[in-house]
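Printed here is work.txt (compact mmCIF, C-alpha atoms):
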```
# COMPACT_ATOMS: atom_id res chain seq x y z
CA MET E 1 106.30 109.38 86.24
CA TYR E 2 110.01 110.13 86.64
CA GLU E 3 109.98 111.92 90.05
CA LEU E 4 111.01 108.89 92.10
CA LEU E 5 113.73 107.92 89.62
CA TYR E 6 115.15 111.45 89.84
CA LYS E 7 115.02 111.35 93.65
CA LYS E 8 116.77 107.97 93.81
CA ILE E 9 119.47 108.98 91.31
CA SER E 10 120.05 112.28 93.15
CA GLU E 11 120.67 110.37 96.39
CA LEU E 12 123.77 108.85 94.80
CA ILE E 13 125.03 111.29 92.15
CA THR E 14 124.55 114.96 91.23
CA ILE E 15 122.93 115.42 87.84
CA SER E 16 121.77 118.51 85.96
CA ASP E 17 118.25 118.93 84.53
CA GLU E 18 119.71 118.61 81.05
CA GLU E 19 121.39 115.29 81.92
CA PHE E 20 118.21 113.94 83.51
CA ASN E 21 116.08 115.06 80.56
CA PHE E 22 118.40 113.11 78.27
CA CYS E 23 118.20 110.09 80.60
CA LYS E 24 114.37 110.20 80.42
CA THR E 25 114.41 109.79 76.63
CA LEU E 26 116.03 106.35 76.99
CA PHE E 27 113.42 104.69 79.21
CA VAL E 28 110.32 102.79 78.09
CA PRO E 29 107.38 103.77 80.37
CA LYS E 30 105.25 100.71 81.03
CA LYS E 31 102.14 100.15 83.10
CA LEU E 32 101.31 96.62 84.29
CA ARG E 33 98.08 95.38 85.79
CA LYS E 34 98.00 93.13 88.83
CA ARG E 35 99.11 89.57 87.93
CA GLN E 36 100.59 90.58 84.56
CA TYR E 37 104.11 89.47 83.76
CA LEU E 38 107.15 91.61 83.04
CA LEU E 39 109.22 88.51 82.26
CA GLN E 40 108.43 84.85 81.83
CA GLU E 41 110.74 81.86 82.20
CA GLY E 42 112.49 80.97 78.93
CA GLU E 43 112.36 84.54 77.63
CA MET E 44 115.44 86.79 77.46
CA CYS E 45 115.45 89.59 80.04
CA LYS E 46 115.84 92.60 77.74
CA TYR E 47 115.28 95.27 80.37
CA ASN E 48 116.57 96.53 83.67
CA THR E 49 113.43 97.85 85.36
CA PHE E 50 112.88 100.68 87.83
CA VAL E 51 109.67 100.53 89.90
CA SER E 52 108.03 103.98 90.07
CA LYS E 53 104.87 102.61 91.65
CA GLY E 54 103.60 99.19 92.74
CA LEU E 55 105.17 95.91 93.75
CA LEU E 56 106.58 92.93 91.82
CA ARG E 57 108.10 89.58 92.65
CA SER E 58 110.65 87.43 90.83
CA TYR E 59 110.39 83.67 91.26
CA THR E 60 111.27 80.28 89.80
CA ILE E 61 109.29 77.06 89.77
CA ASP E 62 111.14 73.82 90.60
CA ASN E 63 110.57 70.35 89.10
CA LYS E 64 107.92 69.58 91.71
CA GLY E 65 105.98 72.72 90.77
CA THR E 66 106.91 74.65 93.93
CA GLU E 67 107.49 78.39 93.59
CA HIS E 68 110.64 79.94 95.08
CA ILE E 69 110.59 83.72 95.44
CA LEU E 70 113.96 85.39 94.96
CA GLN E 71 113.02 89.05 95.29
CA PHE E 72 110.22 91.50 95.94
CA ALA E 73 110.64 94.94 94.33
CA PHE E 74 108.89 97.91 95.92
CA GLU E 75 108.76 101.55 94.74
CA GLY E 76 112.23 102.95 94.13
CA TRP E 77 113.80 99.52 93.55
CA TRP E 78 115.23 97.94 90.42
CA ILE E 79 114.32 94.45 89.23
CA GLY E 80 115.40 92.12 86.42
CA ASP E 81 117.42 88.98 85.83
CA ILE E 82 120.99 90.24 85.66
CA TYR E 83 122.30 86.90 84.31
CA SER E 84 119.91 86.94 81.34
CA PHE E 85 120.27 90.72 80.86
CA ILE E 86 124.08 90.55 80.59
CA THR E 87 124.54 87.20 78.80
CA GLU E 88 121.41 87.44 76.59
CA ASN E 89 120.56 83.84 77.54
CA PRO E 90 116.98 82.82 78.40
CA SER E 91 115.92 83.57 81.97
CA ASN E 92 114.91 81.00 84.60
CA PHE E 93 112.77 83.58 86.34
CA ASN E 94 109.24 84.93 86.15
CA ILE E 95 108.62 88.53 87.18
CA GLU E 96 105.01 89.23 88.10
CA ALA E 97 103.16 92.38 89.21
CA LEU E 98 101.54 91.90 92.63
CA GLU E 99 99.86 95.32 92.36
CA VAL E 100 99.18 97.79 89.52
CA CYS E 101 102.70 98.90 88.55
CA GLU E 102 104.21 101.92 86.84
CA LEU E 103 107.63 100.95 85.55
CA LEU E 104 110.55 102.47 83.66
CA LEU E 105 112.41 99.98 81.47
CA ILE E 106 115.86 100.41 79.99
CA THR E 107 117.68 98.12 77.53
CA LYS E 108 121.38 97.28 77.64
CA ALA E 109 121.92 99.29 74.43
CA SER E 110 120.24 102.36 75.98
CA MET E 111 122.30 101.97 79.15
CA ASP E 112 125.46 101.96 77.02
CA ILE E 113 124.32 105.19 75.33
CA LEU E 114 123.62 106.71 78.75
CA PHE E 115 127.08 105.75 80.06
CA GLU E 116 128.74 107.18 76.97
CA LYS E 117 126.87 110.51 77.06
CA VAL E 118 126.66 110.94 80.84
CA PRO E 119 129.53 108.89 82.34
CA LYS E 120 128.53 109.68 85.94
CA PHE E 121 125.68 107.17 85.51
CA GLU E 122 128.34 104.45 85.61
CA ARG E 123 128.97 105.51 89.21
CA TYR E 124 125.22 105.34 89.94
CA PHE E 125 124.88 101.81 88.56
CA ARG E 126 128.16 100.71 90.21
CA ILE E 127 126.75 101.70 93.60
CA LEU E 128 123.48 99.89 92.80
CA ILE E 129 125.41 96.72 91.89
CA GLN E 130 127.50 97.00 95.10
CA ASN E 131 124.33 97.32 97.17
CA ASN E 132 122.76 94.41 95.35
CA LEU E 133 125.85 92.28 95.98
CA ILE E 134 125.73 93.06 99.70
CA ALA E 135 121.99 92.27 99.85
CA THR E 136 122.51 89.00 97.94
CA GLN E 137 125.37 87.98 100.26
CA ARG E 138 123.26 88.73 103.34
CA ARG E 139 120.31 86.83 101.94
CA LEU E 140 122.54 83.84 101.17
CA MET E 141 124.05 83.85 104.67
CA GLY E 142 120.57 84.22 106.16
CA THR E 143 119.35 81.21 104.19
CA LEU E 144 122.35 79.14 105.32
CA SER E 145 122.62 80.08 108.96
CA GLU E 146 119.54 81.85 110.37
CA THR E 147 116.60 80.19 112.09
CA ALA E 148 113.15 80.60 110.54
CA GLU E 149 112.24 83.12 113.26
CA GLU E 150 115.39 85.18 112.64
CA LYS E 151 114.68 85.22 108.89
CA TYR E 152 111.14 86.44 109.55
CA THR E 153 112.08 89.15 112.07
CA ASN E 154 114.88 90.38 109.77
CA LEU E 155 112.43 90.59 106.87
CA ILE E 156 109.89 92.68 108.78
CA SER E 157 112.54 94.99 110.21
CA ASN E 158 114.13 95.52 106.76
CA PHE E 159 110.81 95.86 104.88
CA PRO E 160 108.15 97.02 107.34
CA GLY E 161 105.46 97.49 104.64
CA CYS E 162 105.91 93.95 103.40
CA LEU E 163 103.30 92.31 105.67
CA GLN E 164 100.51 94.62 104.53
CA ARG E 165 101.24 94.20 100.83
CA VAL E 166 102.49 90.64 100.34
CA PRO E 167 100.29 87.56 100.89
CA GLN E 168 101.46 85.20 103.68
CA HIS E 169 102.18 82.26 101.36
CA MET E 170 104.56 84.45 99.32
CA ILE E 171 106.40 85.59 102.45
CA ALA E 172 106.80 81.90 103.41
CA SER E 173 108.12 81.13 99.91
CA TYR E 174 110.60 84.06 100.09
CA LEU E 175 111.88 82.83 103.45
CA GLY E 176 112.10 79.20 102.28
CA ILE E 177 109.72 77.94 104.99
CA THR E 178 106.25 76.39 104.92
CA ARG E 179 103.07 78.38 105.56
CA GLU E 180 102.53 76.35 108.74
CA THR E 181 105.97 77.31 110.10
CA LEU E 182 105.29 80.97 109.27
CA SER E 183 101.93 80.89 111.12
CA ARG E 184 103.60 79.23 114.13
CA ILE E 185 106.34 81.90 114.24
CA ARG E 186 103.78 84.70 113.95
CA GLY E 187 101.73 83.12 116.73
CA GLN E 188 104.78 82.80 119.00
CA LEU E 189 105.87 86.39 118.37
CA ALA E 190 102.34 87.69 119.07
CA THR E 191 102.18 85.84 122.43
CA ARG E 192 105.58 87.19 123.49
CA LYS E 193 104.50 90.83 122.96
CA MET P 1 107.24 81.08 77.07
CA GLU P 2 107.33 84.74 76.11
CA ALA P 3 105.10 87.22 77.96
CA LYS P 4 102.25 88.19 75.64
CA LYS P 5 102.91 91.59 74.04
CA THR P 6 100.28 94.31 74.20
CA ILE P 7 99.42 96.34 71.11
CA ALA P 8 97.49 99.62 71.46
CA ILE P 9 95.48 100.58 68.37
CA ILE P 10 94.32 104.10 67.56
CA ALA P 11 92.35 104.36 64.33
CA SER P 12 90.15 107.15 63.04
CA THR P 13 87.23 104.98 61.86
CA GLU P 14 85.61 101.67 62.80
CA GLN P 15 86.64 100.23 59.42
CA LYS P 16 90.28 101.15 60.01
CA THR P 17 90.18 99.64 63.50
CA THR P 18 88.80 96.38 62.08
CA ALA P 19 91.47 96.36 59.36
CA VAL P 20 94.26 96.75 61.95
CA VAL P 21 92.74 94.06 64.20
CA ASP P 22 92.69 91.73 61.17
CA LYS P 23 96.49 92.06 60.93
CA PHE P 24 97.08 90.96 64.54
CA GLY P 25 93.88 89.16 65.61
CA ALA P 26 95.08 85.65 64.90
CA GLU P 27 98.49 86.22 66.50
CA ASN P 28 99.50 85.84 70.14
CA TYR P 29 99.00 89.49 71.12
CA ARG P 30 96.79 91.30 73.60
CA LEU P 31 95.04 94.17 71.83
CA LEU P 32 93.86 97.45 73.35
CA LEU P 33 91.45 99.34 71.09
CA LEU P 34 91.61 102.98 72.08
CA GLN P 35 88.65 105.29 71.55
CA LYS P 36 88.33 109.02 72.17
CA GLU P 37 84.64 108.79 73.09
CA SER P 38 82.68 106.10 74.93
CA ASN P 39 80.77 103.56 72.80
CA GLN P 40 82.62 104.65 69.66
CA LEU P 41 83.83 101.07 69.14
CA SER P 42 80.97 99.04 70.61
CA ASN P 43 79.89 97.59 67.23
CA VAL P 44 83.48 96.75 66.30
CA SER P 45 83.93 95.06 69.67
CA THR P 46 80.99 92.69 69.07
CA GLU P 47 82.26 91.91 65.58
CA ILE P 48 85.77 91.11 66.83
CA LYS P 49 84.49 88.84 69.60
CA GLN P 50 82.70 86.75 66.96
CA LYS P 51 85.55 86.76 64.48
CA TYR P 52 88.40 86.03 66.95
CA PRO P 53 86.89 84.20 69.95
CA ALA P 54 90.31 83.42 71.46
CA LEU P 55 91.65 86.97 71.15
CA GLU P 56 92.39 88.86 74.35
CA PHE P 57 91.27 92.43 73.70
CA GLU P 58 89.73 95.40 75.44
CA VAL P 59 88.29 98.78 74.51
CA ILE P 60 89.79 101.65 76.52
CA ASP P 61 88.58 105.28 76.62
CA CYS P 62 91.92 106.91 77.48
CA LEU P 63 94.52 107.07 74.68
CA LYS P 64 97.36 107.83 77.09
CA ASP P 65 96.59 104.99 79.51
CA GLY P 66 96.25 102.50 76.65
CA CYS P 67 99.59 103.50 75.15
CA TRP P 68 101.20 103.41 78.60
CA GLU P 69 100.22 99.73 78.94
CA ALA P 70 101.27 98.91 75.39
CA ASP P 71 104.55 97.45 74.13
CA ILE P 72 103.71 98.45 70.56
CA ILE P 73 101.50 101.31 69.34
CA VAL P 74 99.65 101.20 66.00
CA LEU P 75 98.18 104.36 64.45
CA ASP P 76 95.87 104.56 61.48
CA ILE P 77 94.76 108.17 61.67
CA SER P 78 94.58 111.17 59.34
CA CYS P 79 97.31 113.83 59.18
CA GLY P 80 94.87 116.24 60.86
CA GLU P 81 94.54 114.03 63.93
CA GLN P 82 98.24 113.30 64.23
CA LYS P 83 99.32 116.36 66.21
CA GLU P 84 96.63 115.93 68.86
CA VAL P 85 97.27 112.19 69.26
CA ALA P 86 101.05 112.67 69.41
CA GLU P 87 100.62 115.29 72.18
CA LEU P 88 98.49 112.87 74.21
CA ILE P 89 100.72 109.81 73.93
CA ARG P 90 104.24 111.31 73.64
CA GLU P 91 105.19 110.89 77.30
CA VAL P 92 104.25 107.19 77.41
CA ALA P 93 105.44 106.24 73.92
CA THR P 94 109.17 106.85 74.53
CA GLN P 95 111.37 104.11 73.03
CA LYS P 96 108.30 102.12 71.91
CA PRO P 97 107.72 101.00 68.31
CA VAL P 98 104.98 103.19 66.80
CA ILE P 99 103.63 101.73 63.55
CA SER P 100 101.78 104.27 61.45
CA PHE P 101 99.70 103.29 58.42
CA SER P 102 99.77 106.04 55.81
CA ASP P 103 99.86 106.72 52.08
CA HIS P 104 103.12 108.67 52.33
CA GLU P 105 106.30 108.82 54.40
CA ASN P 106 105.41 110.54 57.64
CA ILE P 107 108.22 112.87 58.70
CA GLU P 108 105.86 115.01 60.79
CA LEU P 109 104.94 112.08 63.03
CA GLU P 110 108.61 111.10 63.37
CA ASN P 111 109.35 114.65 64.53
CA SER P 112 106.37 114.77 66.91
CA LEU P 113 107.36 111.47 68.52
CA LYS P 114 111.11 111.84 68.19
CA TYR P 115 111.96 109.56 71.14
CA SER P 116 109.73 106.76 69.88
CA LYS P 117 110.66 104.25 67.17
CA VAL P 118 108.28 105.50 64.47
CA VAL P 119 107.92 103.33 61.37
CA THR P 120 105.47 104.26 58.62
CA VAL P 121 103.85 101.51 56.60
CA VAL P 122 103.28 103.05 53.17
CA LYS P 123 101.00 101.39 50.68
CA THR P 124 102.67 101.27 47.28
CA TYR P 125 100.76 103.01 44.50
CA ASP P 126 98.63 100.71 42.37
CA SER P 127 99.64 97.57 44.22
CA ASN P 128 98.94 95.67 47.42
CA ASP P 129 102.60 95.76 48.44
CA VAL P 130 103.72 97.98 51.27
CA SER P 131 107.06 99.52 52.16
CA LEU P 132 108.42 100.57 55.54
CA CYS P 133 109.90 104.03 56.17
CA GLY P 134 111.69 105.22 59.28
CA LYS P 135 114.97 106.63 60.60
CA ASN P 136 115.76 103.91 63.09
CA ARG P 137 117.19 100.76 61.49
CA ALA P 138 116.55 98.60 64.55
CA ALA P 139 112.93 99.79 64.64
CA LEU P 140 112.49 98.99 60.93
CA MET P 141 113.75 95.44 61.55
CA GLU P 142 111.52 95.08 64.63
CA VAL P 143 108.41 96.29 62.79
CA SER P 144 109.14 94.14 59.76
CA GLU P 145 109.26 91.17 62.15
CA ILE P 146 106.01 92.21 63.86
CA LEU P 147 104.29 92.54 60.48
CA LYS P 148 105.98 89.34 59.24
CA MET P 149 107.26 91.03 56.09
```
Is it possible to give me this structure as structure tokens?
Amino acid sequence: MYELLYKKISELITISDEEFNFCKTLFVPKKLRKRQYLLQEGEMCKYNTFVSKGLLRSYTIDNKGTEHILQFAFEGWWIGDIYSFITENPSNFNIEALEVCELLLITKASMDILFEKVPKFERYFRILIQNNLIATQRRLMGTLSETAEEKYTNLISNFPGCLQRVPQHMIASYLGITRETLSRIRGQLATRK
Amino acid sequence: MEAKKTIAIIASTEQKTTAVVDKFGAENYRLLLLQKESNQLSNVSTEIKQKYPALEFEVIDCLKDGCWEADIIVLDISCGEQKEVAELIREVATQKPVISFSDHENIELENSLKYSKVVTVVKTYDSNDVSLCGKNRAALMEVSEILKM
């Protein structure tokens, strides 16, 4: 249940068994079935969530009823709505399980306890936030300046497993293009090979 | 809209299971009725379907899996069963509210599930009132809200 979390933490900081055992006592283990929600729009995001197994997506729905996918979270990733988590305001996002998921949830209060007792976790989360900032900046620049084909090829090179696990219409929504455009790009790329 | 919370219920008899379901059946929860043996709760299941047609509930054979899915765990079991149940669910009950119905304050359960938020609902002698016992103030508040006390 905690093996992947330990592996991911150990990639960034060195922790003892005792420190990790303490860390484990602060997480809420949660299993979600496919299509169940971790968070729904209007609700406060109380947890920062580590994905031990499975796949989730976070998305919003605009006034016309169209879904816009912000993020997919695979095994070893974190997901949540940082705005709602930090400010305690209601979230604009929905977070849904696309597969059966095994998750580890931590509240802000538990994170504060963790930082106080094992300060090196501040370094771990600082690096996570840095990485997230870089990814967000890249995604924003991609949205502003890349062609639909560039967005698609970047997605499959960054997340090779994505095509097997995520339905086509969700990939189109993540890239901000229509299903028809996505099919056209896939067709063109297949002919070029 | 808040995501529907899941409550896992472990009770030692069919009557106790029905009594716990009656506390939450009309509310907006998803209930998981956990049984140690198959078909143990089949009669209860039929009864609940008739009594609460809109209730989302399911009977599950594995105590650990049910508690893993749950946001809140409710126990109405005897002291003798407590140790075994605590062993089975400990790993997946961390930081979750565990509401235990009992006739006395349950220090043993608090010690067995020391990383969970255990709150005991104690029935007051000679009255229908109940009181809540537990070490964690936040958990006491949370459970009092869940039970609408």
Original post:
Pick the closest to E:Tyr2 from P:Val92, P:Ile48, P:Val130, P:Ile107: which is it, counting only C-alpha atoms?
Top reply: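 Comparing P:Val92, P:Ile48, P:Val130, P:Ile107 against E:Tyr2, the winner is P:Val92.
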**OP:** Quick one: everything within 12 Å of P:Glu56, counting only C-alpha atoms, minus sequence neighbours fewer than 4 positions away in the same chain. Send it as a ChimeraX atom specification.
**Re:** /P:4-7,21,24-33,45,48-49,52
Store the residues picked out above, limited to C-alpha atoms, as a PDB file, in the coordinates of the input.
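Wrote it out as again31.pdb, contents follow:
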```pdb
ATOM      1  CA  LYS P   4     102.250  88.190  75.640  1.00  0.00           C
ATOM      2  CA  LYS P   5     102.910  91.590  74.040  1.00  0.00           C
ATOM      3  CA  THR P   6     100.280  94.310  74.200  1.00  0.00           C
ATOM      4  CA  ILE P   7      99.420  96.340  71.110  1.00  0.00           C
ATOM      5  CA  VAL P  21      92.740  94.060  64.200  1.00  0.00           C
ATOM      6  CA  PHE P  24      97.080  90.960  64.540  1.00  0.00           C
ATOM      7  CA  GLY P  25      93.880  89.160  65.610  1.00  0.00           C
ATOM      8  CA  ALA P  26      95.080  85.650  64.900  1.00  0.00           C
ATOM      9  CA  GLU P  27      98.490  86.220  66.500  1.00  0.00           C
ATOM     10  CA  ASN P  28      99.500  85.840  70.140  1.00  0.00           C
ATOM     11  CA  TYR P  29      99.000  89.490  71.120  1.00  0.00           C
ATOM     12  CA  ARG P  30      96.790  91.300  73.600  1.00  0.00           C
ATOM     13  CA  LEU P  31      95.040  94.170  71.830  1.00  0.00           C
ATOM     14  CA  LEU P  32      93.860  97.450  73.350  1.00  0.00           C
ATOM     15  CA  LEU P  33      91.450  99.340  71.090  1.00  0.00           C
ATOM     16  CA  SER P  45      83.930  95.060  69.670  1.00  0.00           C
ATOM     17  CA  ILE P  48      85.770  91.110  66.830  1.00  0.00           C
ATOM     18  CA  LYS P  49      84.490  88.840  69.600  1.00  0.00           C
ATOM     19  CA  TYR P  52      88.400  86.030  66.950  1.00  0.00           C
TER      20      TYR P  52
END
```
Do me a favour and pick out the residues of chain P within 12 Å of chain E, using all atoms listed in the file, as an mmCIF file with C-alpha atoms, in the frame of the given file.
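Full text of selection-v5.cif as output:
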```
data_model
loop_
_atom_site.group_PDB
_atom_site.id
_atom_site.type_symbol
_atom_site.label_atom_id
_atom_site.label_comp_id
_atom_site.auth_asym_id
_atom_site.auth_seq_id
_atom_site.Cartn_x
_atom_site.Cartn_y
_atom_site.Cartn_z
ATOM 1 C CA MET P 1 107.240 81.080 77.070
ATOM 2 C CA GLU P 2 107.330 84.740 76.110
ATOM 3 C CA ALA P 3 105.100 87.220 77.960
ATOM 4 C CA LYS P 4 102.250 88.190 75.640
ATOM 5 C CA LYS P 5 102.910 91.590 74.040
ATOM 6 C CA THR P 6 100.280 94.310 74.200
ATOM 7 C CA ARG P 30 96.790 91.300 73.600
ATOM 8 C CA LYS P 64 97.360 107.830 77.090
ATOM 9 C CA ASP P 65 96.590 104.990 79.510
ATOM 10 C CA GLY P 66 96.250 102.500 76.650
ATOM 11 C CA CYS P 67 99.590 103.500 75.150
ATOM 12 C CA TRP P 68 101.200 103.410 78.600
ATOM 13 C CA GLU P 69 100.220 99.730 78.940
ATOM 14 C CA ALA P 70 101.270 98.910 75.390
ATOM 15 C CA ASP P 71 104.550 97.450 74.130
ATOM 16 C CA ILE P 72 103.710 98.450 70.560
ATOM 17 C CA ILE P 89 100.720 109.810 73.930
ATOM 18 C CA ARG P 90 104.240 111.310 73.640
ATOM 19 C CA GLU P 91 105.190 110.890 77.300
ATOM 20 C CA VAL P 92 104.250 107.190 77.410
ATOM 21 C CA ALA P 93 105.440 106.240 73.920
ATOM 22 C CA THR P 94 109.170 106.850 74.530
ATOM 23 C CA GLN P 95 111.370 104.110 73.030
ATOM 24 C CA LYS P 96 108.300 102.120 71.910
ATOM 25 C CA PRO P 97 107.720 101.000 68.310
ATOM 26 C CA LEU P 113 107.360 111.470 68.520
ATOM 27 C CA LYS P 114 111.110 111.840 68.190
ATOM 28 C CA TYR P 115 111.960 109.560 71.140
ATOM 29 C CA SER P 116 109.730 106.760 69.880
ATOM 30 C CA LYS P 117 110.660 104.250 67.170
ATOM 31 C CA ALA P 138 116.550 98.600 64.550
#
```
**OP:** Using only C-alpha atoms, find all polymer residues with an atom at most 8 Å away from the point (90.6, 114.2, 59.7); report them as a PyMOL selection string.
**Re:** chain P and resi 12+77-81
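Of note, atom CA of E:Gln168 and atom CA of E:Tyr152 are spaced 11.4 Å apart.
Distance-wise, atom CA of E:Ile82 and atom CA of E:Ala109 end up 14.5 Å apart.
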**OP:** Please measure the separation of atom CA of E:Asn158 and atom CA of E:Ile13, giving the value in Å to one decimal.
**Re:** 24.1 Å
Original post:
Hey, what's within 8 Å of stretch 133-147 of chain E if we count all atoms listed in the file and toss same-chain stuff fewer than 3 positions away? As a PyMOL selection string, please?
Top reply: chain E and resi 129-130+150-151+175-176
